[in-house]
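Working notes, structure below.
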Amino acid sequence: MKQITSLLSILLVGAEGFVSSSRNNKSFVAVTRFSSATETDDILKPEYDIESIPLRIGHGFDIHRMAPIEEAGQPIIIGGVQITHKDQKWTDKDGKYVAPGAIYETQLGVVAHSDGDVVYHSIVDAIFGALTLPDIGQVFQDTDPRWKGCDSSKFMEHAYEVMTGYGYEIGNVDVTLILERPKVAGFKPAMKENIVRLLGTTKGKVNIKARTHERVDSVGELRSLSCHVVLTLARK
């Protein structure tokens with residue numbers, strides 16, 4: 001098996017180092033305070049054999065809360081794209097800004113430990129699942145300060161290295177993004193470009209669908225967004 005290069009070695013800039021990236025003039029900083037990369041690597045190298053079968057299928061799911069930008073502290077990032085939007089009609093269930101259950105018109109952000117990119121997180125989870133590896137929450141724990149505000153493309157890069165290290169490449173990726181608002185149709189081509197680039201694949205192997213939740217539950221009230229991903233991995 002090819003050696004799996006650690007994401008942590010990519011991010012490593014010293015015991016007190018900082019890694020930053022910029023998207024649409026927004027800065028996202030991941031604090032990296034650690035001495036070795038072994039913990040993340042070891043969890044992705046199980047004691048059992050991962051057989052080199054011709055085709056593997058994985059499913060990934062992620063959900064994050066949405067809240068007014070002043071509460072979330074960061075914008076909506078989906079598929080590596082910042083979703084700019086007009087003020088949205090967010091349901092203030094707890095009455096923090098207006099009467100409980102009333103509508104509060106506001107810019108929205110995603111509440112998350114990292115940048116909260118539900119598409120990237122679901123893809124990473126699906127790749128790990130196809131390889132019978134632990135889920136993304138075990139690998140990149142939301143209590144770990146190293147991943148605070150982290151650009152989730154770093155998780156994608158690491159998942160790609162793990163996938164290729166086990167001798168696989170993308171067969172195809174089918175993404176279903178679920179959110180009521182804001183609308184994302186105009187952003188889907190850029191999302192697809194990002195996924196194709198990060199997974200070393202082609203446009204004919206990546207599909208992105210988006211649908212609403214018919215005003216039902218937290219997604220329908222603009223208080224959350226979610227994503228499902230089904231993908232196949234083909235033996236190289």
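Residues in the structure tokens are named by chain (A, B, ... in the order shown) and by number from 1 within that chain; ligands are numbered from 1 in the order shown.
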
Would you mind listing, for every residue of region 103-141 of chain A within 9 Å of region 220-229 of chain A, the two atoms forming the shortest contact and the distance between them in Å to one decimal, using only C-alpha atoms, sorted by chain and ascending residue number, as a Markdown table?
| residue | atom | partner | partner_atom | distance |
| --- | --- | --- | --- | --- |
| A:Leu108 | CA | A:Leu222 | CA | 8.7 |
| A:Val110 | CA | A:Ser224 | CA | 8.0 |
| A:Val111 | CA | A:Ser224 | CA | 8.9 |
| A:Val118 | CA | A:Cys227 | CA | 5.9 |
| A:Val119 | CA | A:Cys227 | CA | 6.1 |
| A:His121 | CA | A:Cys227 | CA | 8.8 |
| A:Ser122 | CA | A:Val229 | CA | 5.8 |
| A:Ile123 | CA | A:Val229 | CA | 6.0 |
| A:Asp125 | CA | A:Val229 | CA | 8.6 |
| A:Ala126 | CA | A:Val229 | CA | 6.6 |

Selection export as a CSV table (one decimal), in the first residue's frame, atoms kept: all heavy atoms:
chain,number,residue,atom,x,y,z
A,108,LEU,N,-27.1,35.2,6.7
A,108,LEU,CA,-27.0,33.9,7.4
A,108,LEU,C,-25.5,33.4,7.3
A,108,LEU,O,-24.8,33.7,6.4
A,108,LEU,CB,-27.9,32.9,6.8
A,108,LEU,CG,-29.4,33.1,7.0
A,108,LEU,CD1,-30.2,32.0,6.3
A,108,LEU,CD2,-29.7,33.0,8.5
A,110,VAL,N,-23.0,29.8,8.9
A,110,VAL,CA,-23.0,28.4,9.3
A,110,VAL,C,-22.3,28.3,10.7
A,110,VAL,O,-21.2,28.8,10.8
A,110,VAL,CB,-22.4,27.5,8.3
A,110,VAL,CG1,-22.3,26.0,8.8
A,110,VAL,CG2,-23.2,27.5,7.0
A,111,VAL,N,-23.0,27.6,11.6
A,111,VAL,CA,-22.4,27.4,12.9
A,111,VAL,C,-21.7,26.1,12.9
A,111,VAL,O,-22.3,25.0,12.7
A,111,VAL,CB,-23.5,27.3,14.0
A,111,VAL,CG1,-22.9,27.1,15.4
A,111,VAL,CG2,-24.3,28.6,14.0
A,118,VAL,N,-20.9,21.5,4.3
A,118,VAL,CA,-21.6,20.3,4.3
A,118,VAL,C,-21.3,19.4,3.1
A,118,VAL,O,-21.3,18.1,3.2
A,118,VAL,CB,-23.1,20.4,4.5
A,118,VAL,CG1,-23.4,21.1,5.8
A,118,VAL,CG2,-23.7,21.3,3.3
A,119,VAL,N,-21.0,19.9,1.9
A,119,VAL,CA,-20.7,19.1,0.8
A,119,VAL,C,-19.3,18.5,0.9
A,119,VAL,O,-19.2,17.2,0.8
A,119,VAL,CB,-20.7,20.0,-0.5
A,119,VAL,CG1,-20.1,19.2,-1.7
A,119,VAL,CG2,-22.2,20.4,-0.8
A,121,HIS,N,-17.6,17.9,3.7
A,121,HIS,CA,-17.7,17.0,4.8
A,121,HIS,C,-18.4,15.7,4.4
A,121,HIS,O,-17.9,14.6,4.8
A,121,HIS,CB,-18.4,17.6,6.0
A,121,HIS,CG,-17.7,18.8,6.6
A,121,HIS,ND1,-18.2,19.5,7.7
A,121,HIS,CD2,-16.5,19.4,6.2
A,121,HIS,CE1,-17.3,20.4,8.0
A,121,HIS,NE2,-16.3,20.4,7.1
A,122,SER,N,-19.4,15.8,3.6
A,122,SER,CA,-20.1,14.5,3.2
A,122,SER,C,-19.3,13.7,2.2
A,122,SER,O,-19.3,12.5,2.3
A,122,SER,CB,-21.5,14.9,2.5
A,122,SER,OG,-22.3,15.6,3.5
A,123,ILE,N,-18.6,14.4,1.3
A,123,ILE,CA,-17.7,13.6,0.4
A,123,ILE,C,-16.6,12.9,1.2
A,123,ILE,O,-16.3,11.7,0.9
A,123,ILE,CB,-17.1,14.6,-0.6
A,123,ILE,CG1,-18.2,15.1,-1.6
A,123,ILE,CG2,-16.0,13.9,-1.4
A,123,ILE,CD1,-17.8,16.2,-2.6
A,125,ASP,N,-16.6,12.0,4.3
A,125,ASP,CA,-17.2,10.9,5.0
A,125,ASP,C,-17.6,9.7,4.1
A,125,ASP,O,-17.4,8.5,4.5
A,125,ASP,CB,-18.5,11.4,5.7
A,125,ASP,CG,-18.8,10.7,7.0
A,125,ASP,OD1,-17.9,10.3,7.7
A,125,ASP,OD2,-20.0,10.6,7.3
A,126,ALA,N,-18.0,10.0,2.9
A,126,ALA,CA,-18.3,8.9,1.9
A,126,ALA,C,-17.1,8.1,1.5
A,126,ALA,O,-17.1,6.9,1.3
A,126,ALA,CB,-19.1,9.5,0.7

(message) Using DSSP secondary structure from the backbone, list all helix (DSSP H, G or I) positions within region 91-157 of chain A, as number ranges by chain.
(response) A: 118-130, 136-139, 145-147, 153-157

(request) Would you please work out which residue, of A:Ile136, A:Val175, A:Val81, A:Ala99, is nearest to Ala190 (chain A) when using only C-alpha atoms? (result) A:Val81

(request) Give the strand (DSSP E) residues of region 169-219 of chain A, as DSSP finds them on the backbone, and put them as a list in words. (result) Glu169, Ile170, Gly171, Asn172, Val173, Asp174, Val175, Thr176, Leu177, Ile178, Val206, Asn207, Ile208, Lys209, Ala210 and Arg211 of chain A

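CA of Ile77 (chain A) to CA of Gly165 (chain A) spans 28.1 Å [interatomic distance, one decimal].
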
(request) Kindly indicate which residue among A:Lys203, A:Lys188, A:Lys89, A:Lys45 lies nearest to Val139 (chain A), using only C-alpha atoms for the distances. (result) A:Lys45

(message) Taking 5 positions as the minimum chain separation for residues in the same chain, which residues sit within 8 Å of Ala159 (chain A) when counting only C-alpha atoms? Answer as a list in words.
(response) Val124, Ile127 and Phe128 of chain A

Let me see the file: selected residues, N, CA, C and O atoms, as a short mmCIF file (atom, residue, chain, number, x, y, z; two decimals), in the first residue's frame.
data_model
loop_
_atom_site.label_atom_id
_atom_site.label_comp_id
_atom_site.auth_asym_id
_atom_site.auth_seq_id
_atom_site.Cartn_x
_atom_site.Cartn_y
_atom_site.Cartn_z
N VAL A 124 -15.97 13.61 2.10
CA VAL A 124 -14.91 12.99 2.89
C VAL A 124 -15.46 11.79 3.65
O VAL A 124 -14.85 10.71 3.67
N ILE A 127 -15.98 8.86 1.28
CA ILE A 127 -14.72 8.20 0.91
C ILE A 127 -14.24 7.30 2.04
O ILE A 127 -13.88 6.13 1.82
N PHE A 128 -14.24 7.83 3.27
CA PHE A 128 -13.83 7.01 4.41
C PHE A 128 -14.76 5.81 4.57
O PHE A 128 -14.30 4.69 4.84
#
